[in-house]
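Here is start-v1.txt, consisting of compact mmCIF, C-alpha atoms and all ligand atoms:
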```txt
# COMPACT_ATOMS: atom_id res chain seq x y z
CA MET A 9 -2.27 24.61 -24.99
CA SER A 10 -0.63 27.26 -22.81
CA ASP A 11 -3.83 27.97 -20.88
CA SER A 12 -4.95 24.35 -20.55
CA ILE A 13 -5.72 23.21 -17.03
CA GLN A 14 -3.16 20.92 -15.41
CA ALA A 15 -3.37 18.65 -12.40
CA ILE A 16 -2.24 20.11 -9.08
CA ARG A 17 1.50 19.72 -8.48
CA GLY A 18 2.30 16.48 -6.69
CA MET A 19 -1.09 14.93 -7.53
CA ASN A 20 -0.92 12.25 -10.20
CA ASP A 21 -3.24 10.75 -12.74
CA MET A 22 -3.07 6.97 -12.97
CA LEU A 23 -3.10 6.31 -16.72
CA PRO A 24 -4.49 3.18 -18.42
CA ASP A 25 -1.01 1.78 -19.16
CA GLU A 26 -0.28 1.83 -15.42
CA SER A 27 -3.57 0.31 -14.32
CA PRO A 28 -2.62 -3.38 -14.79
CA VAL A 29 0.10 -3.20 -12.16
CA TRP A 30 -2.17 -1.27 -9.75
CA GLU A 31 -4.94 -3.81 -10.25
CA ARG A 32 -2.56 -6.71 -9.72
CA PHE A 33 -1.27 -5.06 -6.54
CA GLU A 34 -4.82 -4.54 -5.23
CA ALA A 35 -5.90 -8.11 -5.98
CA ILE A 36 -2.85 -9.59 -4.21
CA VAL A 37 -3.29 -7.27 -1.22
CA GLN A 38 -6.97 -8.16 -0.76
CA ASP A 39 -6.24 -11.85 -0.93
CA TRP A 40 -3.39 -11.48 1.57
CA LEU A 41 -5.55 -9.51 4.03
CA ARG A 42 -8.30 -12.11 3.95
CA ARG A 43 -5.77 -14.79 4.80
CA TYR A 44 -5.01 -13.00 8.08
CA GLY A 45 -8.67 -12.39 8.94
CA TYR A 46 -8.72 -8.63 8.25
CA ARG A 47 -11.93 -6.89 7.14
CA GLN A 48 -12.22 -3.73 5.10
CA ILE A 49 -13.40 -0.37 6.42
CA ARG A 50 -13.82 2.83 4.37
CA MET A 51 -13.74 6.25 5.95
CA PRO A 52 -14.41 9.72 4.50
CA ILE A 53 -11.46 11.55 3.01
CA LEU A 54 -12.36 14.70 4.93
CA GLU A 55 -12.29 14.88 8.73
CA ARG A 56 -12.34 17.54 11.41
CA THR A 57 -8.86 19.04 11.76
CA GLU A 58 -9.02 18.42 15.49
CA LEU A 59 -8.88 14.65 14.92
CA PHE A 60 -5.42 14.82 13.37
CA VAL A 61 -4.05 17.44 15.73
CA ARG A 62 -5.08 15.34 18.72
CA SER A 63 -3.79 12.03 17.36
CA ILE A 64 -0.75 12.68 15.19
CA GLY A 65 0.52 15.42 17.50
CA GLU A 66 0.95 19.16 17.30
CA VAL A 67 4.72 19.15 16.88
CA THR A 68 5.06 16.76 13.95
CA ASP A 69 5.93 17.36 10.29
CA ILE A 70 2.42 16.40 9.29
CA VAL A 71 0.49 18.72 11.59
CA GLU A 72 2.98 21.57 11.53
CA LYS A 73 3.29 21.95 7.80
CA GLU A 74 1.84 19.17 5.67
CA MET A 75 -1.93 19.24 6.15
CA TYR A 76 -4.44 20.54 3.62
CA THR A 77 -6.67 22.41 6.02
CA PHE A 78 -9.48 24.80 5.16
CA THR A 79 -12.56 26.36 6.67
CA ASP A 80 -16.00 25.12 5.76
CA ARG A 81 -17.57 28.20 4.20
CA LEU A 82 -21.02 27.43 5.53
CA ASN A 83 -20.41 26.80 9.21
CA GLY A 84 -16.80 27.82 9.85
CA ASP A 85 -15.61 24.32 10.86
CA SER A 86 -11.93 23.57 10.31
CA LEU A 87 -11.62 20.55 8.02
CA THR A 88 -8.59 18.61 6.77
CA LEU A 89 -7.96 16.20 3.91
CA ARG A 90 -6.75 13.09 5.69
CA PRO A 91 -2.92 12.87 5.76
CA GLU A 92 -3.08 9.25 6.98
CA GLY A 93 -5.71 6.68 7.90
CA THR A 94 -5.10 5.49 11.46
CA ALA A 95 -6.82 8.42 13.16
CA SER A 96 -9.91 8.13 10.93
CA CYS A 97 -10.03 4.37 11.34
CA VAL A 98 -9.95 4.64 15.14
CA ARG A 99 -12.51 7.45 15.04
CA ALA A 100 -14.87 5.29 12.95
CA ALA A 101 -14.37 2.23 15.15
CA LEU A 102 -15.23 4.28 18.26
CA GLN A 103 -18.12 6.13 16.68
CA HIS A 104 -19.74 2.82 15.67
CA ASN A 105 -18.77 0.95 18.81
CA LEU A 106 -16.94 -1.78 16.91
CA LEU A 107 -14.72 -2.68 19.87
CA TYR A 108 -17.79 -3.68 21.85
CA ASN A 109 -17.64 -6.96 19.91
CA GLY A 110 -14.04 -7.59 20.89
CA PRO A 111 -10.80 -6.88 19.04
CA GLN A 112 -11.09 -5.73 15.44
CA ARG A 113 -8.71 -6.48 12.60
CA LEU A 114 -9.36 -3.76 10.02
CA TRP A 115 -7.84 -2.54 6.77
CA TYR A 116 -8.44 0.38 4.44
CA ALA A 117 -6.91 1.72 1.25
CA GLY A 118 -7.09 5.04 -0.50
CA PRO A 119 -5.59 8.45 -1.15
CA MET A 120 -3.86 10.51 1.54
CA PHE A 121 -2.86 14.18 1.28
CA ARG A 122 0.28 15.91 2.51
CA HIS A 123 1.68 19.23 1.40
CA GLU A 124 5.28 18.10 0.90
CA ARG A 125 7.89 18.98 -1.70
CA PRO A 126 7.05 16.61 -4.57
CA GLN A 127 9.86 14.32 -5.75
CA LYS A 128 10.20 10.73 -6.91
CA GLY A 129 8.32 8.58 -4.39
CA ARG A 130 6.94 11.59 -2.50
CA TYR A 131 3.69 13.16 -3.64
CA ARG A 132 0.97 15.45 -2.32
CA GLN A 133 -1.73 12.93 -3.07
CA PHE A 134 -0.47 9.41 -2.53
CA HIS A 135 -2.04 6.10 -1.61
CA GLN A 136 -1.75 3.90 1.42
CA VAL A 137 -3.00 0.51 2.43
CA GLY A 138 -3.43 0.58 6.20
CA VAL A 139 -3.80 -2.37 8.55
CA GLU A 140 -4.98 -1.85 12.14
CA ALA A 141 -5.35 -4.39 14.96
CA LEU A 142 -7.59 -2.64 17.49
CA GLY A 143 -7.96 -3.97 21.03
CA LEU A 144 -4.96 -6.31 20.82
CA GLY A 145 -2.17 -5.58 23.29
CA GLY A 146 0.21 -8.51 23.13
CA ALA A 147 3.58 -8.98 21.52
CA ASP A 148 1.88 -11.62 19.37
CA ALA A 149 -0.20 -8.91 17.67
CA ASP A 150 2.93 -6.88 16.86
CA ALA A 151 4.74 -9.95 15.59
CA GLU A 152 1.81 -10.98 13.40
CA LEU A 153 1.67 -7.53 11.82
CA ILE A 154 5.37 -7.79 11.06
CA VAL A 155 5.21 -11.34 9.71
CA MET A 156 2.27 -10.34 7.49
CA GLY A 157 4.47 -7.79 5.78
CA ALA A 158 7.10 -10.39 4.94
CA ARG A 159 4.45 -12.56 3.28
CA LEU A 160 3.09 -9.66 1.23
CA TRP A 161 6.50 -8.85 -0.24
CA ARG A 162 6.80 -12.51 -1.22
CA ASP A 163 3.30 -12.52 -2.74
CA LEU A 164 4.16 -9.39 -4.73
CA GLY A 165 7.41 -10.94 -5.91
CA LEU A 166 9.56 -8.27 -4.22
CA ASP A 167 12.92 -8.91 -2.62
CA ARG A 168 15.36 -6.23 -1.46
CA ILE A 169 12.95 -5.15 1.29
CA SER A 170 14.40 -5.40 4.77
CA LEU A 171 12.96 -4.93 8.22
CA GLU A 172 14.08 -2.54 10.95
CA ILE A 173 12.48 -2.62 14.37
CA ASN A 174 12.81 -0.70 17.61
CA THR A 175 10.88 -0.08 20.78
CA LEU A 176 9.86 3.27 22.24
CA GLY A 177 9.01 1.78 25.65
CA SER A 178 6.42 3.20 28.02
CA SER A 179 5.65 6.90 28.24
CA GLU A 180 7.61 7.04 31.57
CA ALA A 181 10.65 5.51 29.89
CA ARG A 182 10.36 8.00 27.07
CA LEU A 183 10.24 10.88 29.58
CA ARG A 184 13.47 9.68 31.23
CA TYR A 185 15.07 9.36 27.85
CA ARG A 186 13.77 12.70 26.73
CA ALA A 187 15.63 14.44 29.55
CA ARG A 188 18.90 12.74 28.61
CA LEU A 189 18.39 13.52 24.94
CA VAL A 190 17.71 17.21 25.58
CA GLN A 191 20.93 17.46 27.61
CA TYR A 192 22.83 15.92 24.72
CA LEU A 193 21.22 18.20 22.13
CA GLU A 194 21.94 21.27 24.26
CA ARG A 195 25.60 20.29 24.40
CA HIS A 196 25.66 20.15 20.59
CA ILE A 197 23.40 23.08 19.87
CA ASP A 198 25.85 24.56 17.34
CA ALA A 199 25.49 21.50 15.12
CA LEU A 200 21.69 21.51 15.13
CA ASP A 201 19.69 22.74 12.16
CA GLU A 202 16.79 25.14 12.54
CA ASP A 203 14.13 22.41 12.81
CA ALA A 204 16.08 20.57 15.47
CA ARG A 205 16.60 23.70 17.58
CA ARG A 206 12.92 24.41 17.52
CA ARG A 207 12.01 20.81 18.37
CA MET A 208 14.66 20.29 21.00
CA HIS A 209 12.23 21.53 23.65
CA THR A 210 8.83 20.84 22.10
CA ASN A 211 9.39 17.32 20.78
CA PRO A 212 13.04 16.27 21.05
CA LEU A 213 12.56 12.65 19.94
CA ARG A 214 11.52 14.00 16.58
CA VAL A 215 15.03 15.33 16.09
CA LEU A 216 16.12 11.70 15.63
CA ASP A 217 13.69 11.44 12.70
CA SER A 218 15.45 14.26 10.81
CA LYS A 219 16.17 13.59 7.13
CA ASN A 220 18.94 16.24 7.02
CA PRO A 221 22.20 14.47 5.98
CA GLN A 222 24.25 17.00 7.97
CA MET A 223 22.54 15.87 11.16
CA GLN A 224 23.10 12.14 10.76
CA ALA A 225 26.43 11.90 12.59
CA LEU A 226 25.03 13.78 15.55
CA ILE A 227 21.96 11.56 15.59
CA GLY A 228 24.12 8.45 15.36
CA ALA A 229 26.02 9.44 18.51
CA ALA A 230 22.94 10.42 20.54
CA PRO A 231 22.02 8.50 23.71
CA ARG A 232 19.88 5.44 23.08
CA LEU A 233 16.32 4.98 24.22
CA LEU A 234 17.05 1.29 24.64
CA ASP A 235 19.09 2.15 27.77
CA ASP A 236 16.11 3.79 29.51
CA LEU A 237 13.62 1.06 28.79
CA ASP A 238 11.20 -0.19 31.46
CA GLU A 239 11.23 -3.90 32.28
CA GLU A 240 7.77 -4.62 30.85
CA SER A 241 8.49 -2.97 27.52
CA LEU A 242 11.80 -4.79 27.33
CA GLN A 243 10.01 -8.09 27.89
CA HIS A 244 7.41 -7.17 25.28
CA PHE A 245 10.15 -6.33 22.79
CA GLU A 246 11.95 -9.62 23.48
CA ASN A 247 8.72 -11.50 22.79
CA VAL A 248 8.10 -9.67 19.53
CA GLN A 249 11.60 -10.56 18.40
CA ARG A 250 11.21 -14.19 19.44
CA LEU A 251 7.96 -14.62 17.46
CA VAL A 252 9.27 -12.82 14.40
CA ARG A 253 12.42 -14.92 14.47
CA LEU A 254 10.54 -18.19 14.78
CA SER A 255 8.54 -17.21 11.71
CA GLY A 256 11.79 -17.05 9.80
CA VAL A 257 11.71 -13.29 9.22
CA ASN A 258 15.04 -11.45 9.47
CA PHE A 259 15.39 -7.98 10.95
CA THR A 260 17.84 -5.50 12.37
CA ILE A 261 17.27 -3.41 15.47
CA ASN A 262 17.59 0.27 14.66
CA PRO A 263 17.78 2.21 17.95
CA ARG A 264 17.25 5.55 16.10
CA LEU A 265 13.92 4.50 14.65
CA VAL A 266 11.30 6.75 16.27
CA ARG A 267 8.67 7.29 13.54
CA GLY A 268 7.26 10.67 12.62
CA LEU A 269 3.96 10.48 14.48
CA ASP A 270 3.34 11.06 18.16
CA TYR A 271 0.98 8.23 18.91
CA TYR A 272 3.43 5.32 18.90
CA ASN A 273 4.69 3.46 21.96
CA ARG A 274 6.63 0.21 22.39
CA THR A 275 7.16 -1.61 19.06
CA VAL A 276 7.87 0.46 15.95
CA PHE A 277 9.05 -0.91 12.62
CA GLU A 278 9.82 0.04 9.04
CA TRP A 279 10.26 -1.97 5.87
CA VAL A 280 12.93 -0.32 3.73
CA THR A 281 14.40 -0.91 0.30
CA ASP A 282 17.66 0.27 -1.25
CA ALA A 283 16.08 0.14 -4.72
CA LEU A 284 14.22 3.46 -4.65
CA GLY A 285 16.86 6.02 -3.72
CA ALA A 286 16.04 8.43 -0.92
CA GLN A 287 12.36 7.46 -0.48
CA GLY A 288 13.19 3.95 0.67
CA THR A 289 10.57 3.30 3.35
CA VAL A 290 7.75 1.31 1.78
CA CYS A 291 5.85 0.42 4.94
CA ALA A 292 5.87 1.67 8.51
CA GLY A 293 3.98 1.13 11.70
CA GLY A 294 3.94 0.15 15.32
CA ARG A 295 2.01 -0.01 18.54
CA TYR A 296 -0.17 2.93 19.64
CA ASP A 297 -1.76 1.98 22.94
CA GLY A 298 -2.66 5.54 23.93
CA LEU A 299 -4.48 6.62 20.78
CA ILE A 300 -7.92 5.16 21.36
CA GLU A 301 -8.23 6.93 24.71
CA GLN A 302 -6.78 10.12 23.23
CA ILE A 303 -9.56 10.19 20.64
CA GLY A 304 -12.16 9.73 23.36
CA GLY A 305 -12.64 5.98 23.65
CA LYS A 306 -12.30 3.63 26.61
CA PRO A 307 -8.58 2.82 26.92
CA ALA A 308 -7.66 -0.08 24.66
CA PRO A 309 -4.39 -1.18 23.08
CA ALA A 310 -3.80 -1.21 19.33
CA ALA A 311 -1.12 -1.59 16.68
CA GLY A 312 -0.93 -1.24 12.92
CA PHE A 313 1.00 -0.15 9.88
CA ALA A 314 0.57 1.63 6.56
CA MET A 315 2.34 1.04 3.27
CA GLY A 316 3.06 3.52 0.51
CA VAL A 317 1.39 2.13 -2.59
CA GLU A 318 3.27 4.29 -5.15
CA ARG A 319 6.61 3.11 -3.79
CA LEU A 320 5.59 -0.55 -3.92
CA ILE A 321 4.16 -0.13 -7.42
CA ALA A 322 7.47 1.41 -8.50
CA LEU A 323 9.25 -1.70 -7.21
CA MET A 324 6.78 -4.02 -8.98
CA ALA A 325 6.84 -2.11 -12.25
CA GLY A 326 10.62 -2.52 -12.39
CA GLY A 327 10.24 -6.20 -13.22
CA ALA A 328 6.79 -6.20 -14.82
CA MET A 329 5.87 -7.66 -18.21
CA PRO A 330 2.95 -5.92 -19.88
CA GLN A 331 0.12 -8.44 -19.97
CA PRO A 332 -2.32 -8.59 -22.90
CA TRP A 333 -5.63 -7.66 -21.31
CA LEU A 334 -7.97 -7.69 -24.32
CA ASP A 335 -9.03 -11.02 -25.84
CA VAL A 336 -11.03 -9.95 -28.86
CA TYR A 337 -11.52 -6.88 -31.08
CA VAL A 338 -14.68 -7.16 -33.19
CA VAL A 339 -14.52 -5.77 -36.73
CA TRP A 340 -17.63 -5.58 -38.88
CA SER A 341 -18.94 -4.13 -42.13
CA GLY A 342 -22.21 -4.55 -44.06
CA SER A 343 -25.89 -3.83 -43.61
CA GLN A 344 -26.74 -7.06 -41.79
CA ALA A 345 -23.40 -7.40 -40.08
CA GLU A 346 -23.93 -4.82 -37.32
CA ALA A 347 -26.63 -6.66 -35.40
CA HIS A 348 -24.75 -9.93 -35.83
CA ALA A 349 -21.50 -8.38 -34.58
CA TRP A 350 -23.22 -7.04 -31.45
CA ARG A 351 -24.71 -10.47 -30.73
CA VAL A 352 -21.36 -12.20 -31.22
CA ALA A 353 -19.62 -9.68 -28.93
CA GLU A 354 -22.18 -10.15 -26.14
CA ARG A 355 -21.96 -13.93 -26.53
CA LEU A 356 -18.17 -13.85 -26.07
CA ARG A 357 -18.59 -11.63 -23.01
CA ASP A 358 -21.11 -14.13 -21.63
CA GLY A 359 -18.28 -16.65 -21.93
CA GLY A 360 -15.99 -14.46 -19.83
CA LEU A 361 -13.84 -12.90 -22.57
CA ASN A 362 -12.74 -9.26 -22.69
CA VAL A 363 -14.16 -7.88 -25.90
CA SER A 364 -13.79 -4.47 -27.53
CA MET A 365 -16.25 -3.60 -30.30
CA HIS A 366 -15.16 -1.41 -33.18
CA HIS A 367 -17.16 1.82 -33.15
CA GLY A 368 -17.50 4.35 -35.93
CA GLY A 369 -17.46 2.17 -39.04
CA GLY A 370 -14.82 2.60 -41.77
CA SER A 371 -13.21 0.17 -44.21
CA PHE A 372 -12.20 -3.35 -43.14
CA LYS A 373 -8.59 -2.28 -43.65
CA SER A 374 -8.77 0.70 -41.31
CA GLN A 375 -10.70 -1.36 -38.75
CA MET A 376 -8.04 -4.08 -38.85
CA LYS A 377 -5.41 -1.44 -38.10
CA ARG A 378 -7.35 -0.52 -34.98
CA ALA A 379 -7.65 -4.20 -34.07
CA ASP A 380 -3.85 -4.56 -34.29
CA GLY A 381 -3.26 -1.42 -32.26
CA SER A 382 -5.67 -2.55 -29.55
CA GLY A 383 -3.30 -5.25 -28.32
CA ALA A 384 -6.09 -7.86 -28.54
CA ARG A 385 -5.15 -11.51 -29.06
CA PHE A 386 -7.77 -12.02 -31.78
CA ALA A 387 -9.85 -10.10 -34.27
CA VAL A 388 -13.32 -11.44 -34.88
CA ILE A 389 -14.44 -10.34 -38.34
CA VAL A 390 -18.06 -10.17 -39.41
CA GLY A 391 -19.45 -9.26 -42.85
CA ASP A 392 -22.88 -9.81 -44.40
CA ASP A 393 -21.85 -13.32 -45.54
CA GLU A 394 -20.94 -14.36 -42.03
CA ALA A 395 -24.12 -12.77 -40.69
CA GLN A 396 -26.32 -14.79 -42.99
CA ALA A 397 -24.54 -18.04 -42.19
CA GLU A 398 -24.43 -17.46 -38.39
CA GLU A 399 -20.63 -17.55 -38.65
CA ALA A 400 -17.61 -15.35 -37.91
CA THR A 401 -13.97 -15.22 -38.97
CA LEU A 402 -11.34 -15.56 -36.25
CA LYS A 403 -7.97 -14.00 -36.98
CA PRO A 404 -5.14 -14.48 -34.46
CA LEU A 405 -3.23 -11.20 -34.07
CA ARG A 406 -0.38 -12.27 -31.79
CA GLU A 407 0.53 -15.77 -32.98
CA GLN A 408 1.30 -17.42 -36.29
CA ARG A 409 -1.99 -19.22 -36.80
CA GLU A 410 -4.23 -19.28 -39.87
CA GLN A 411 -7.46 -17.36 -39.71
CA ALA A 412 -10.57 -19.54 -39.78
CA ARG A 413 -14.23 -19.03 -40.53
CA VAL A 414 -16.38 -20.96 -38.06
CA ARG A 415 -19.90 -21.23 -36.75
CA VAL A 416 -20.63 -18.74 -33.97
CA THR A 417 -21.37 -21.65 -31.64
CA ASP A 418 -17.79 -22.94 -32.13
CA LEU A 419 -16.07 -19.55 -31.79
CA MET A 420 -15.63 -19.63 -28.04
CA ALA A 421 -13.99 -23.06 -28.01
CA LEU A 422 -11.60 -22.05 -30.77
CA ILE A 423 -10.51 -18.91 -28.88
CA LYS A 424 -10.04 -20.71 -25.58
CA GLY A 425 -8.36 -23.71 -27.19
P1 LIG B 1 8.68 9.82 5.44
O1 LIG B 1 9.61 9.68 6.58
O2 LIG B 1 9.18 9.19 4.15
O3 LIG B 1 8.14 11.20 5.27
P2 LIG B 1 6.41 9.13 7.03
O4 LIG B 1 7.00 8.68 8.30
O5 LIG B 1 5.89 10.50 6.91
O6 LIG B 1 7.44 8.88 5.83
P3 LIG B 1 4.10 7.44 7.31
O7 LIG B 1 3.23 8.51 7.78
O8 LIG B 1 4.58 6.43 8.24
O9 LIG B 1 5.34 8.07 6.51
O10 LIG B 1 3.41 6.71 6.06
C1 LIG B 1 3.59 5.33 5.78
C2 LIG B 1 4.15 5.14 4.40
O11 LIG B 1 3.44 5.91 3.43
C3 LIG B 1 5.58 5.61 4.23
O12 LIG B 1 6.47 4.65 4.67
C4 LIG B 1 5.67 5.81 2.74
O13 LIG B 1 5.88 4.56 2.08
C5 LIG B 1 4.31 6.32 2.39
N1 LIG B 1 4.33 7.79 2.26
C6 LIG B 1 4.31 8.72 3.25
N2 LIG B 1 4.30 9.96 2.76
C7 LIG B 1 4.29 9.82 1.40
C8 LIG B 1 4.26 10.73 0.30
N3 LIG B 1 4.21 12.05 0.50
N4 LIG B 1 4.26 10.23 -0.96
C9 LIG B 1 4.29 8.91 -1.18
N5 LIG B 1 4.32 7.99 -0.20
C10 LIG B 1 4.32 8.43 1.08
MG MG B 2 6.64 12.30 6.09
```

Can you dump the structure from the file as structure tokens?
Ligand code: ATP
Ligand code: MG
Amino acid sequence: MSDSIQAIRGMNDMLPDESPVWERFEAIVQDWLRRYGYRQIRMPILERTELFVRSIGEVTDIVEKEMYTFTDRLNGDSLTLRPEGTASCVRAALQHNLLYNGPQRLWYAGPMFRHERPQKGRYRQFHQVGVEALGLGGADADAELIVMGARLWRDLGLDRISLEINTLGSSEARLRYRARLVQYLERHIDALDEDARRRMHTNPLRVLDSKNPQMQALIGAAPRLLDDLDEESLQHFENVQRLVRLSGVNFTINPRLVRGLDYYNRTVFEWVTDALGAQGTVCAGGRYDGLIEQIGGKPAPAAGFAMGVERLIALMAGGAMPQPWLDVYVVWSGSQAEAHAWRVAERLRDGGLNVSMHHGGGSFKSQMKRADGSGARFAVIVGDDEAQAEEATLKPLREQREQARVRVTDLMALIKG
């Protein structure tokens, strides 16, 4: 086994035992998105590197050190495995002129790639569900995105998820703030870590996003963006809060919340849990009014968010009961029994049941062992006798009920009853 090939570090297989909770998550999410009028879009996993550099920003964790970037051998293009979905979604909407028909409410789901240090809740291939409201500029759009989140946690049966919001204001307000922040950081340069010293002049707001515990006190005492806010952004923020409050959703204002990507302005928010240790942010987003123009479109406002599927699945799996997924395991033996067993299995599938057919023959006893191990609710047993009589034997595997030999036409009713 020593030379067997393993998956790439930080990239996980989803195994069959885990699939029920993933499938339940996906079904609930799709239903929830439809209820808010969102439609699905799927983009390629590979994009031109330029797309992410231009949108996410040069001086961000993602672009500086987390992207899987390589050169296309054939034409020398620089390509990148998508680290997030917003940039691709906006690119696709512009390329296909979707905004021509008015605002677009779009969602996507799939794997994202970031070269981070793998740990619980942080992987190199992970999954996001992203929700983007393109062409909508009002506080009502922001508030709806936030209220949607609260409903999803309810639908998934998750509590212990709380909401933090902040506003980044206009780009002018951020410039004023930036100057004040740099002054503050310069005064405390001895307490800054290496990352912060480098960013102090390239992208000082990002210093507030530092995960370094030693920096937290300094960050806590930094000047607040809230004090530099422009009147319009302040009004916008007030309106978001009013609408969120009237929907009965609680939140706290976190003035240090700046988000790790460059394209945000005005409203930003994160949904966080205390149940997952250090990787507690399960969903994050905000308004990004400048992005569409930055990617080459006609200026248009937009807002959205993305959730980390692995983190939400971890929360769901904590309280999950394994559900029996297989209804029937078909066991057969005898020269005429095979054809009969196949017909019975197909008939049960016609009726909507999940049926696994025993393959490979063997004694009834060994087949029954397999039936038990399959987790099915029933074994359907077919021998030559049953085949001749158009019958089958139904044996309950999970409940104390007698087995019964019945006509094939009555089998379905007996199973469902
Ligand atoms: P963090 O601060 O934890 O690095 P981020 O700001 O980089 O997060 P976003 O780009 O906003 O994260 O992504 C949205 C969500 O996707 C996060 O809140 C998180 O739930 C999830 N996520 C991000 N990176 C990873 C990862 N490497 N592994 C698993 N989930 C992730
Ligand atoms: Mg990150």

Worksheet item: Can you tell me, as a count of residues only, what residues are no more than 8 Å from stretch 383-397 of chain A when counting all atoms listed in the file, ignoring any on the same chain fewer than 2 positions away?
Response: 30

Worksheet entry | Polymer residues at most 10 Å from (5.2, 0.3, 12.6) by only C-alpha atoms, as a list in words | Asp150, Leu153, Ile154, Glu172, Ile173, Asn174, Thr175, Leu265, Val266, Arg267, Tyr272, Asn273, Arg274, Thr275, Val276, Phe277, Glu278, Trp279, Cys291, Ala292, Gly293, Gly294, Arg295, Tyr296, Ala311, Gly312, Phe313, Ala314 and Met315 of chain A

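Each of A:Ala181, A:Leu251, A:Cys97, A:Leu166 was compared to A:Asp148 using only C-alpha atoms, and A:Leu251 turns out to be the nearest.
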
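When all atoms listed in the file are used to compute distances to ligand LIG 1 (chain B), the closest of the residues A:Arg56, A:Arg130, A:Arg90, A:Arg47 turns out to be A:Arg130.
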
Discussion item. List as a PyMOL selection string the protein and nucleic acid residues lying within 12 Å of ligand MG 2 (chain B), with all atoms listed in the file counted.
Written reply: chain A and resi 64+68-75+91-92+120-126+129-132+134+214+217-219+267-269+287-292+316

Written selection (C-alpha atoms) as a PDB file, keeping the file's coordinate frame:
```pdb
ATOM      1  CA  ILE A  64      -0.750  12.680  15.190  1.00  0.00           C
ATOM      2  CA  THR A  68       5.060  16.760  13.950  1.00  0.00           C
ATOM      3  CA  ASP A  69       5.930  17.360  10.290  1.00  0.00           C
ATOM      4  CA  ILE A  70       2.420  16.400   9.290  1.00  0.00           C
ATOM      5  CA  VAL A  71       0.490  18.720  11.590  1.00  0.00           C
ATOM      6  CA  GLU A  72       2.980  21.570  11.530  1.00  0.00           C
ATOM      7  CA  LYS A  73       3.290  21.950   7.800  1.00  0.00           C
ATOM      8  CA  GLU A  74       1.840  19.170   5.670  1.00  0.00           C
ATOM      9  CA  MET A  75      -1.930  19.240   6.150  1.00  0.00           C
ATOM     10  CA  PRO A  91      -2.920  12.870   5.760  1.00  0.00           C
ATOM     11  CA  GLU A  92      -3.080   9.250   6.980  1.00  0.00           C
ATOM     12  CA  MET A 120      -3.860  10.510   1.540  1.00  0.00           C
ATOM     13  CA  PHE A 121      -2.860  14.180   1.280  1.00  0.00           C
ATOM     14  CA  ARG A 122       0.280  15.910   2.510  1.00  0.00           C
ATOM     15  CA  HIS A 123       1.680  19.230   1.400  1.00  0.00           C
ATOM     16  CA  GLU A 124       5.280  18.100   0.900  1.00  0.00           C
ATOM     17  CA  ARG A 125       7.890  18.980  -1.700  1.00  0.00           C
ATOM     18  CA  PRO A 126       7.050  16.610  -4.570  1.00  0.00           C
ATOM     19  CA  GLY A 129       8.320   8.580  -4.390  1.00  0.00           C
ATOM     20  CA  ARG A 130       6.940  11.590  -2.500  1.00  0.00           C
ATOM     21  CA  TYR A 131       3.690  13.160  -3.640  1.00  0.00           C
ATOM     22  CA  ARG A 132       0.970  15.450  -2.320  1.00  0.00           C
ATOM     23  CA  PHE A 134      -0.470   9.410  -2.530  1.00  0.00           C
ATOM     24  CA  ARG A 214      11.520  14.000  16.580  1.00  0.00           C
ATOM     25  CA  ASP A 217      13.690  11.440  12.700  1.00  0.00           C
ATOM     26  CA  SER A 218      15.450  14.260  10.810  1.00  0.00           C
ATOM     27  CA  LYS A 219      16.170  13.590   7.130  1.00  0.00           C
ATOM     28  CA  ARG A 267       8.670   7.290  13.540  1.00  0.00           C
ATOM     29  CA  GLY A 268       7.260  10.670  12.620  1.00  0.00           C
ATOM     30  CA  LEU A 269       3.960  10.480  14.480  1.00  0.00           C
ATOM     31  CA  GLN A 287      12.360   7.460  -0.480  1.00  0.00           C
ATOM     32  CA  GLY A 288      13.190   3.950   0.670  1.00  0.00           C
ATOM     33  CA  THR A 289      10.570   3.300   3.350  1.00  0.00           C
ATOM     34  CA  VAL A 290       7.750   1.310   1.780  1.00  0.00           C
ATOM     35  CA  CYS A 291       5.850   0.420   4.940  1.00  0.00           C
ATOM     36  CA  ALA A 292       5.870   1.670   8.510  1.00  0.00           C
ATOM     37  CA  GLY A 316       3.060   3.520   0.510  1.00  0.00           C
TER      38      GLY A 316
END
```

Response to the item:
Residue with the minimum atom-to-atom distance to ligand LIG 1 (chain B), picked from A:Val37, A:Val363, A:Leu160, A:Ala117 with all atoms listed in the file counted, is A:Ala117

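Each of A:Pro111, A:Pro52, A:Gly285, A:Pro263 was checked against ligand LIG 1 (chain B) using only C-alpha atoms and all ligand atoms; the smallest atom-to-atom distance is that of A:Gly285.
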
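Nearest residue to ligand LIG 1 (chain B) among A:Arg409, A:Arg253, A:Lys373, A:Lys128 is A:Lys128, counting all atoms listed in the file.
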
Box in all listed atoms of ligand LIG 1 (chain B), axis-aligned, with 5 Å more on each side; write out centre and edge lengths in Å to one decimal as JSON.
```
{"center_x": 6.4, "center_y": 8.3, "center_z": 3.6, "size_x": 16.4, "size_y": 17.5, "size_z": 19.5}
```

Item to complete: For A:Asp167, work out the shell of residues within 10 Å, counting all atoms listed in the file and skipping chain neighbours fewer than 2 positions away, then give it as a list in words.
Response: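 So the residues in contact are Ala158, Trp161, Arg162, Leu164, Gly165, Ile169, Ser170, Thr281, Ala283 and Leu323 of chain A.
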
Residue selection dump (C-alpha atoms) as a compact mmCIF listing (two decimals), in the frame of the given file:
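result-v3.txt written:
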```
# COMPACT_ATOMS: atom_id res chain seq x y z
CA ALA A 158 7.10 -10.39 4.94
CA TRP A 161 6.50 -8.85 -0.24
CA ARG A 162 6.80 -12.51 -1.22
CA LEU A 164 4.16 -9.39 -4.73
CA GLY A 165 7.41 -10.94 -5.91
CA ILE A 169 12.95 -5.15 1.29
CA SER A 170 14.40 -5.40 4.77
CA THR A 281 14.40 -0.91 0.30
CA ALA A 283 16.08 0.14 -4.72
CA LEU A 323 9.25 -1.70 -7.21
```
